[in-house]
Amino acid sequence: MKRTQASAAAADVKYDGFTEEERGAMKERARELKAAARRGSRADKAAEAASEVLAKIAEMPEADRVLAERIHAIVTSNAPDLAPKLWYGMPAYARNGKVVCHFHSAEKFTSRYATRGFSDRAHLDEDVLWPTAFALTALTPAAEPRIAELVKRAAD
């Protein structure tokens, strides 16, 4: 049977679904949920989740690891009530189990820069327009206080 031009063009169209990176992140999230369901006490869950976050940060390429380590230090010192946990395979910080802020490495999603994000639970509302994610290429002495201030506001 001969292929028509239309069927040949349709065969060349690629599926526009999830990327390989996105599918990988979803699989990591499913593993995280299963692991959390198997853990024992609340204290055991919190300790294991914090340990998993540090292990994930240690696995990152150097550029992302340096940023993630500083972000982790800023969050834990400025918002000690936020609990570290993995969220789609990336470090996140939660209140009552709900993610308030997170870090995405550039390498994870083959992106140009790492991202520091806040969920709607962060309540960073300002007027009618405000950012919920910030691109990070470096953490300078000038940038760290701004991040610390946002984390404190997010944790309130």
# chains A, B, ... in the order shown; residues from 1 in each chain; ligands from 1

call {"tool": "residues_around", "arguments": {"residues": "Tyr93 (chain A)", "least_positions_apart": "3", "cutoff": "8 Å", "atoms": "only C-alpha atoms", "output": "NGL selection string"}}
result
:A and (75 or 82-85 or 99-102)

call {"tool": "closest_atom_pairs", "arguments": {"of": "region 69-99 of chain A", "to": "region 105-117 of chain A", "cutoff": "10 Å", "atoms": "only C-alpha atoms", "output": "JSON lines"}}
result
{"residue": "A:Ile71", "atom": "CA", "partner": "A:Arg116", "partner_atom": "CA", "distance": 8.4}
{"residue": "A:Gly89", "atom": "CA", "partner": "A:Lys108", "partner_atom": "CA", "distance": 8.9}
{"residue": "A:Met90", "atom": "CA", "partner": "A:Ser105", "partner_atom": "CA", "distance": 7.6}
{"residue": "A:Pro91", "atom": "CA", "partner": "A:Ser105", "partner_atom": "CA", "distance": 9.2}
{"residue": "A:Ala92", "atom": "CA", "partner": "A:Gly117", "partner_atom": "CA", "distance": 9.2}

call {"tool": "write_last_selection", "arguments": {"atoms": "all heavy atoms", "output": "tab-separated table (two decimals), in the first residue's frame"}}
result
chain	number	residue	atom	x	y	z
A	71	ILE	N	21.12	26.63	49.68
A	71	ILE	CA	19.67	26.77	49.85
A	71	ILE	C	19.22	25.97	51.07
A	71	ILE	O	18.45	26.47	51.90
A	71	ILE	CB	18.90	26.31	48.59
A	71	ILE	CG1	19.15	27.27	47.43
A	71	ILE	CG2	17.42	26.14	48.88
A	71	ILE	CD1	18.58	28.66	47.59
A	89	GLY	N	11.94	13.92	43.38
A	89	GLY	CA	13.37	13.66	43.36
A	89	GLY	C	14.24	14.87	43.65
A	89	GLY	O	15.46	14.79	43.52
A	90	MET	N	13.66	15.96	44.07
A	90	MET	CA	14.42	17.17	44.35
A	90	MET	C	14.16	17.62	45.79
A	90	MET	O	13.10	17.35	46.35
A	90	MET	CB	14.00	18.30	43.39
A	90	MET	CG	14.47	18.10	41.96
A	90	MET	SD	16.23	18.42	41.77
A	90	MET	CE	16.88	16.77	41.69
A	91	PRO	N	15.11	18.36	46.38
A	91	PRO	CA	14.93	18.86	47.75
A	91	PRO	C	13.74	19.82	47.84
A	91	PRO	O	13.59	20.71	47.00
A	91	PRO	CB	16.23	19.61	48.03
A	91	PRO	CG	17.21	19.07	47.06
A	91	PRO	CD	16.43	18.69	45.84
A	92	ALA	N	12.94	19.60	48.86
A	92	ALA	CA	11.79	20.47	49.12
A	92	ALA	C	11.65	20.62	50.63
A	92	ALA	O	12.25	19.86	51.40
A	92	ALA	CB	10.52	19.88	48.51

call {"tool": "residues_around", "arguments": {"residues": "Gly24 (chain A)", "least_positions_apart": "3", "cutoff": "12 Å", "atoms": "only C-alpha atoms", "output": "MDAnalysis selection string"}}
result
chainID A and resid 18:21 27:31 88:90 108:109

call {"tool": "atom_distance", "arguments": {"atom1": "CA of Ala25 (chain A)", "atom2": "CA of Lys56 (chain A)"}}
result
13.1 Å

call {"tool": "select_by_dssp", "arguments": {"residues": "region 3-156 of chain A", "states": "alpha helix (DSSP H)", "output": "count of residues only"}}
result
75

call {"tool": "atom_distance", "arguments": {"atom1": "CA of Ile57 (chain A)", "atom2": "CA of Glu69 (chain A)"}}
result
6.8 Å

call {"tool": "atom_distance", "arguments": {"atom1": "CA of Ala35 (chain A)", "atom2": "CA of Ala50 (chain A)"}}
result
13.3 Å
